[in-house]
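Enquirer: Let me give you the structure first, and then I'll get to my questions.
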Amino acid sequence: MRYAAGRVVHSLLLLIGVSVLSFLFAELAPGDFYSEMPLNAQVSRATVDAMRAERGLDRPLPLRYAAWVGSVARGEFGYSLAYNAAVGPLLRRRIPGTLLLTATATLLAWMLAIPIGIWNASKRGSWSDSLVKVVLSILLAIPEILLGVIFLVLAVETGWLPAGGMHSPGVTGIGDTLRHLVIPVSVLVLGMLPVLVRHVRAAMIEAMDAPFALAARAQGIPARRVLFRHLLPVALNPLITLFGFSLGALLSGSLLIEVIVGWPGLGPLFVEAILARDFALVLGVVMASTTLLIAGNLAADLLLYRADPRISDPGIRKQ
């Protein structure tokens with residue numbers, strides 16, 4: 001509990017730091033939501049100033065930040081000038097889409113990376129290992145944007161899969177959502193898979209070359225039992241740390257893919273907010289994404305605490 005409480009406090013401090021920096025960057029950015037209104041001859045400068053004052057944009061930055069913190073406590077997360085509504089409900093409508101996409105891609109990527117990485121480690125130096133490394137290197141060199149465009153072109157030309165969105169017009173059901181998930185999830189998995197497979201392979205090779213593994217094989221323990229009973233648990237520690245990293249990478253990648261395929265998540269909302277200079281909405285998306293990222297890393301830290309006795313037992317750390 002002490003370790004978990006410390007990690008939670010660290011996460012909260014990190015969220016506070018991100019919010020402060022985001023406010024500072026918004027202050028340094030040129031213009032705001034009302035900047036282009038004076039270009040209209042029918043809108044006077046006094047009207048624009050009055051609108052800014054109504055929304056509190058003329059107040060000092062510390063007062064605006066304090067007002068935003070108060071809105072966070074109320075669940076509003078500021079006021080979106082572009083949507084003329086509180087930011088909180090807008091985020092709550094979009095977060096489930098991003099979570100569905102990121103969670104599905106994370107689960108599928110790890111389900112593929114672990115067996116492929118273990119198999120590559122057991123076949124290291126063979127032609128099959130070299131072939132897999134070449135394929136992974138090619139995937140690593142292809143940008144996710146290009147992968148997304150290729151999948152969309154194939155979907156349009158063949159008609160096998162829907163080319164964007166989360167639901168077909170007039171169609172509901174899990175099956176339709178799964179069909180729409182295929183393209184964005186495939187792009188995210190193919191973009192992240194090379195990194196995960198290489199780390200799984202490296203962790204397994206390091207465990208295979210450890211003295212205890214050599215001793216286990218010398219005692220005649222079956223290779224399959226050595227692999228799954230002894231080597232895989234040892235290789236889990238760096239992989240759990242990598243799990244937190246993969247969540248962050250897939251989350252940031254999902255925001256971009258959402259824009260490309262028109263997935264109704266945080267990504268399109270973020271782009272719209274930037275183009276409209278709606279800084280309250282921009283800050284809301286940034287904080288929502290940061291919260292999801294920190295929550296994923298916190299989960300990875302707690303899993304690592306349970307898996308590695310050197311973290312939970314001070315006596316083992318001293319040894």
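FYI, nothing fancy with the structure tokens labels: chains A, B, ... in order, residues from 1 per chain, ligands from 1 as they appear.
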Can you tell me, as a PyMOL selection string, which residues in segment 77-311 of chain A count as helix (DSSP H, G or I) by DSSP?
Expert: chain A and resi 87-122+127-141+144-158+174-208+211-218+223-261+266-276+279-307+309-311
Enquirer: Which residues, written as a VMD selection string, have at least one atom at most 12 Å from Glu27 of chain A, with only C-alpha atoms counted and residues fewer than 2 positions away on the same chain left out?
Expert: chain A and resid 20 to 25 29 to 32 57 to 62 64 to 65 277 279 to 280 283
Enquirer: Which of these residues is nearest to Ala203 of chain A, using only C-alpha atoms: A:Thr47, A:Ser11, A:Asn120, A:Thr106?
Expert: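 Checking each of A:Thr47, A:Ser11, A:Asn120, A:Thr106 against Ala203 of chain A, counting only C-alpha atoms, the winner is A:Asn120.
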Enquirer: Counting only C-alpha atoms, what is within 10 Å of Thr290 of chain A, bar same-chain residues fewer than 6 positions away, as a list in words?
Expert: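 Returned residues: Ser11, Leu14, Leu15, Val18, Ser19, Gly248, Leu251, Ser252, Gly284 and Gly296 of chain A.
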Enquirer: Check the smallest atom-to-atom distance from each of A:Leu188, A:Ala50, A:Val285, A:Leu214 to Gly253 of chain A using only C-alpha atoms, then report the winner.
Expert: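 Closest residue, counting only C-alpha atoms: A:Leu188.
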Enquirer: I'd like the contact shell of Ala223 of chain A - 12 Å cut-off, only C-alpha atoms, skipping same-chain residues fewer than 6 positions apart - returned as a list in words.
Expert: Ser122, Met208, Ala213, Leu214, Ala216, Arg217, Arg229, His230 and Leu231 of chain A
Enquirer: Can you pull out the residues contacting segment 136-142 of chain A? Cut-off 6 Å, using only C-alpha atoms, and skip same-chain residues under 2 positions away; I want them as a ChimeraX atom specification.
Expert: /A:133-134,194
Enquirer: If you count only C-alpha atoms, which residues fall within 10 Å of Leu303 of chain A, apart from same-chain ones fewer than 3 positions away, as a list of chain:residue names?
Expert: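 Everything that qualifies: A:Asn237, A:Ile240, A:Thr241, A:Phe243, A:Asn297, A:Leu298, A:Ala299, A:Ala300, A:Arg306, A:Ala307, A:Asp308.
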Enquirer: Which residues, written as a PDB file with N, CA and C atoms, in the first residue's frame, have at least one atom at most 6 Å from segment 68-77 of chain A, with only C-alpha atoms counted and residues fewer than 4 positions away on the same chain left out?
Expert:
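Done, and the output landed in result_13.pdb:
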```
ATOM      1  N   ALA A  86     -19.529  22.792 -21.881  1.00  0.00           N
ATOM      2  CA  ALA A  86     -18.449  22.366 -20.987  1.00  0.00           C
ATOM      3  C   ALA A  86     -17.615  21.285 -21.665  1.00  0.00           C
ATOM      4  N   VAL A  87     -16.327  21.259 -21.345  1.00  0.00           N
ATOM      5  CA  VAL A  87     -15.410  20.315 -21.988  1.00  0.00           C
ATOM      6  C   VAL A  87     -15.629  18.896 -21.479  1.00  0.00           C
ATOM      7  N   GLY A  88     -15.967  18.754 -20.202  1.00  0.00           N
ATOM      8  CA  GLY A  88     -16.103  17.435 -19.601  1.00  0.00           C
ATOM      9  C   GLY A  88     -17.023  16.490 -20.359  1.00  0.00           C
TER      10      GLY A  88
END
```
Enquirer: Each residue of segment 106-224 of chain A with at least one atom at most 6 Å from segment 257-274 of chain A should appear once, together with its nearest atom pair and the corresponding distance in Å (one decimal); atoms considered: only C-alpha atoms; ordering: chain, then increasing residue number; output as a tab-separated table.
Expert:
```
residue	atom	partner	partner_atom	distance
A:Gly164	CA	A:Val261	CA	4.5
A:Gly165	CA	A:Trp263	CA	4.7
A:Met166	CA	A:Trp263	CA	5.7
```
Enquirer: Can you work out which one of A:Tyr34, A:Ala215, A:Leu101, A:Arg225 has the shortest atom-to-atom distance to Ala53 of chain A, counting only C-alpha atoms?
Expert: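 Looking only at the distances to Ala53 of chain A, the closest residue turns out to be A:Tyr34.
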Enquirer: Ranking A:Leu302, A:Ile145, A:Ala105, A:Ala288 by minimum distance to Leu247 of chain A and counting only C-alpha atoms, which one comes first?
Expert: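 Closest to Leu247 of chain A, using only C-alpha atoms: A:Ala105.
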Enquirer: Using DSSP assignments from the backbone, pull out every residue in segment 24-194 of chain A that falls under strand (DSSP E) and give it to me as a VMD selection string.
Expert: chain A and resid 79 to 80 85 to 86
Enquirer: Can you work out which one of A:Ile95, A:Val43, A:Val132, A:Leu100 has the shortest atom-to-atom distance to Trp119 of chain A, counting only C-alpha atoms?
Expert: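 So, comparing all the options, the nearest one is A:Val132.
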